[in-house]
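K.L.:
This structure is in structure tokens; I'll ask about it shortly.
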4 protein chains.
Amino acid sequence: MQQLKQQVFDANLDLPRYGLVTFTWGNVSAIDREHGRVVIKPSGVPYETMTVEDMVVVDLNGEVVEGKWRPSSDTATHLALYRRYPSIGGIVHTHSTHATAWAQAGLAIPALGTTHADYFFGDIPCTRALNEQEVAEAYELNTGKVIIETLAERNPLHTPGVVVYQHGPFAWGKDASDAVHNAVVMEEVARMAWMARGINPHLSAIDSWLMNKHFMRKHGPNAYYGQK
Amino acid sequence: MQQLKQQVFDANLDLPRYGLVTFTWGNVSAIDREHGRVVIKPSGVPYETMTVEDMVVVDLNGEVVEGKWRPSSDTATHLALYRRYPSIGGIVHTHSTHATAWAQAGLAIPALGTTHADYFFGDIPCTRALNEQEVAEAYELNTGKVIIETLAERNPLHTPGVVVYQHGPFAWGKDASDAVHNAVVMEEVARMAWMARGINPHLSAIDSWLMNKHFMRKHGPNAYYGQK
Amino acid sequence: MQQLKQQVFDANLDLPRYGLVTFTWGNVSAIDREHGRVVIKPSGVPYETMTVEDMVVVDLNGEVVEGKWRPSSDTATHLALYRRYPSIGGIVHTHSTHATAWAQAGLAIPALGTTHADYFFGDIPCTRALNEQEVAEAYELNTGKVIIETLAERNPLHTPGVVVYQHGPFAWGKDASDAVHNAVVMEEVARMAWMARGINPHLSAIDSWLMNKHFMRKHGPNAYYGQK
Amino acid sequence: MQQLKQQVFDANLDLPRYGLVTFTWGNVSAIDREHGRVVIKPSGVPYETMTVEDMVVVDLNGEVVEGKWRPSSDTATHLALYRRYPSIGGIVHTHSTHATAWAQAGLAIPALGTTHADYFFGDIPCTRALNEQEVAEAYELNTGKVIIETLAERNPLHTPGVVVYQHGPFAWGKDASDAVHNAVVMEEVARMAWMARGINPHLSAIDSWLMNKHFMRKHGPNAYYGQK
């Protein structure tokens, strides 16, 4: 558990390092599947003074098992995703500027190039709006549910993130570090897509064969990017 | 008073740290309500060489009570706001890039997402233009008056900032540090709104129930964001 | 002369510090009016390794009087401005991103707010195109001439810069440091104007009385901004 | 060979220094023409921990001659360019934000000003799309071929870069350092062109005589920019 706390702590500190957060607007968690425990950032604690011992451990129902602070107010969203998707090991939520702009625009981040296709297979979808009742009752849980509804039949490791309508990005991955990596990619492709659409408003999407090639050369069974 | 001078000094240094000012284009003040004293940055003194002893102390009529420098040229604006709103303890004025762009555009910064709603309840309004006489006579005082006219019946802690037409942002809060915090938020939501409108020009505003939820989970009587 | 060389050297180093230049794309000069000598950056020498002794001294006809390097390739432009305007003491040329974008767009940077009016009285004009002959014969001198033609009857200290068509900004001031200051302002107001026009394409210009007020409270005979 | 490995290593580290890469999204190579050897970055190795000994040496058919890692997955693209153009000594590939936005937009970066003309003679072309078969079979080699097809009769040192459709920029130069220099220029002019077109959508291109003048004063037989 100490090792997982260290990983989650390090991944949280990566958020300001990569320019993804202002103040405390972000949180990272990771899961220990064997023991059914999730480590997550405490709510509203500044990155500058946070230590590894400030990490909070909760079970999959959100009960605090260890730690002196309240867990992130978004904990219920994280847990809904862990319960539904056995393949994901880490989750990140931020209000990173460009991805949040797409969330506010209420639009999916379109797949316009190979930078996107190297990590996301197809667009990065935007959830539908939550209705008044969904927000009033169990808002954070319903945020998790609407992400799951949006992913539908997609493989969450082939679409390792979405933007939540009028809110901001959630990203995930095999572990905490991989989730942060995907959050950085999402912010960067959100920025490129904003500019590319500004230059040429008629853009639709990357050619399907080019998307397949780039995703598969990194993530397919015969991947040849990087070292073995 | 020494403690308040230190707070105002620290808050002024936060302006370049958060990228809100170029040269000397910004100032922070705070008020000691018990003694009716306001501490404010001196006019045109560079941040690099400024010390806590350079802070200027004025009374609520703008008379210098302590300090060797002239107070900020915007002092009369600050004082008008302190006299009108007993709940505010600190005020910030900057020409931060994105918020100033909205001021130059003559438009309110629309509430488009939860980043905005976490701090501002509703849009960040833009004042009307000052007319020729208002500028000629007591310009800085009239800037304060037009901010008050713009806020009208709003609670200043629920709308902790406005943009002044063709000029730039003023923000405030419970104290100097809180005012700077709100100025950083205003700059960031101004940037996001500029992009979101660029991506989708037909945007209007965040769903009212989502705005209420986010503002209230941080600022309402049953707030549950952060630690108790 | 050593003091002036130091000032010009320091002002040149301010260009990368303020983010105004990439590689060697900028130069600053200053004039000693008494002796008719101009100190200017050598051509194409990197900022990282440049020393004060690398500065080049030329007379008002461009003859090198002191220094081991060729002067900036833009020297003839600087000299034309010094000969025409006795009031200016320092000149800066850069390809700073946002001001250059306006130069490429072939448009004056409009006066849209008080940030602009604090330093520039009216818009920052864009020169006409140089024709083929003007470019072929004495290109750098003709760049100076077209700047002078563009300023026409304006006071160069009230319009301390222009953008040269399809090229980039020139700025000036009382001395080298003041010229850099104005170049920083020009870049920042170019950025704000780009955004403000993006938000509201119908913008024209700041109200004349507000422009007058801001320029005069900093530069007029009864200025009250800053310290005496 | 050790000297070339050092040059390639240094040039690769310049990519994050100039803000051209996120994570490992970039690679630089250089060629030793005498021995027919190319030094290139290993695939997917982080810049933070990479050492000069991690550089990979391949022959012009892509066989690894020295080094413990796989070469960059883009090696076949680099080799195609070295085989076709004897004048180029170094090549850079990145996903730098603004140049990639133009690639995603599927448009050439237009020559709008002298910043561009100082390094690129004419626009920076965008390749056609690769078809499904070209992507399926020898994708990286075909990327090199489509760059060559796009350059057609142009001198590669007068057009030291292109953007590959829906992918990103490739740049080159006399050696590794010069190639990085041109990649930085391409990113900067891509940014300026994006803004300039945003300000004035009707822009076409810089006047031909001004383009000629600027390119030739730096690269022509009578160049007078910089020191002899």
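Each chain in the structure tokens gets a letter, A, B, ..., in the order shown, and its residues are numbered from 1; ligands are numbered from 1 in order too.
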Write out as a ChimeraX atom specification all residues of stretch 59-213 of chain D that DSSP puts in strand (DSSP E or B) for this structure's backbone.

P.N.:
/D:59,64-66,71,90-94,109,124,126,161-164,168-173

K.L.:
Assign secondary structure with DSSP using the backbone only, and return the residues of stretch 46-135 of chain C in helix (DSSP H, G or I) as a VMD selection string.

P.N.:
chain C and resid 52 to 54 75 to 84 97 to 105 114 to 117 132 to 135

K.L.:
Go through chain C and flag each residue having an atom no more than 6 Å from chain D; for those, report the closest pair of atoms plus their distance in Å to one decimal, using only C-alpha atoms, ordered by chain and rising number, as a Markdown table.

P.N.:
```
| residue | atom | partner | partner_atom | distance |
| --- | --- | --- | --- | --- |
| C:Ser43 | CA | D:Gly226 | CA | 4.5 |
| C:Gly44 | CA | D:Gly226 | CA | 4.1 |
| C:Ser73 | CA | D:Tyr225 | CA | 5.9 |
| C:Ala101 | CA | D:Ala196 | CA | 4.6 |
| C:Gln104 | CA | D:Gly113 | CA | 5.6 |
| C:Ala105 | CA | D:Ala196 | CA | 5.1 |
| C:Glu132 | CA | D:Trp209 | CA | 5.7 |
| C:Gln166 | CA | D:Gly113 | CA | 4.5 |
| C:His167 | CA | D:Thr114 | CA | 5.1 |
```

K.L.:
Please provide the set of residues having any atom within 12 Å of stretch 147-153 of chain C, restricted to only C-alpha atoms, with same-chain residues fewer than 6 positions apart removed, written as a ChimeraX atom specification.

P.N.:
/C:77-85,108,122-130,140-141,159-165,168-172

K.L.:
Show which residues sit within 10 Å of B:Gly67, as a PyMOL selection string. Count only C-alpha atoms, and ignore same-chain residues fewer than 4 positions away.

P.N.:
chain B and resi 39+42+53-58+71

K.L.:
Could you name the residues that touch C:Glu134 at 9 Å or less, counting only C-alpha atoms, but leaving out those on the same chain fewer than 5 positions away, as a PyMOL selection string?

P.N.:
chain C and resi 139+142-143

K.L.:
Within 9 Å of B:Asn12, counting only C-alpha atoms, which residues qualify if same-chain residues fewer than 2 places away don't, as an MDAnalysis selection string?

P.N.:
chainID B and resid 7:10 14:16 26:29 41 47 92 176 180

K.L.:
Work out how far atom CA of C:Gly89 is from atom CA of C:Gly220, in Å to one decimal.

P.N.:
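Going from atom CA of C:Gly220 over to atom CA of C:Gly89 covers 19.4 Å.
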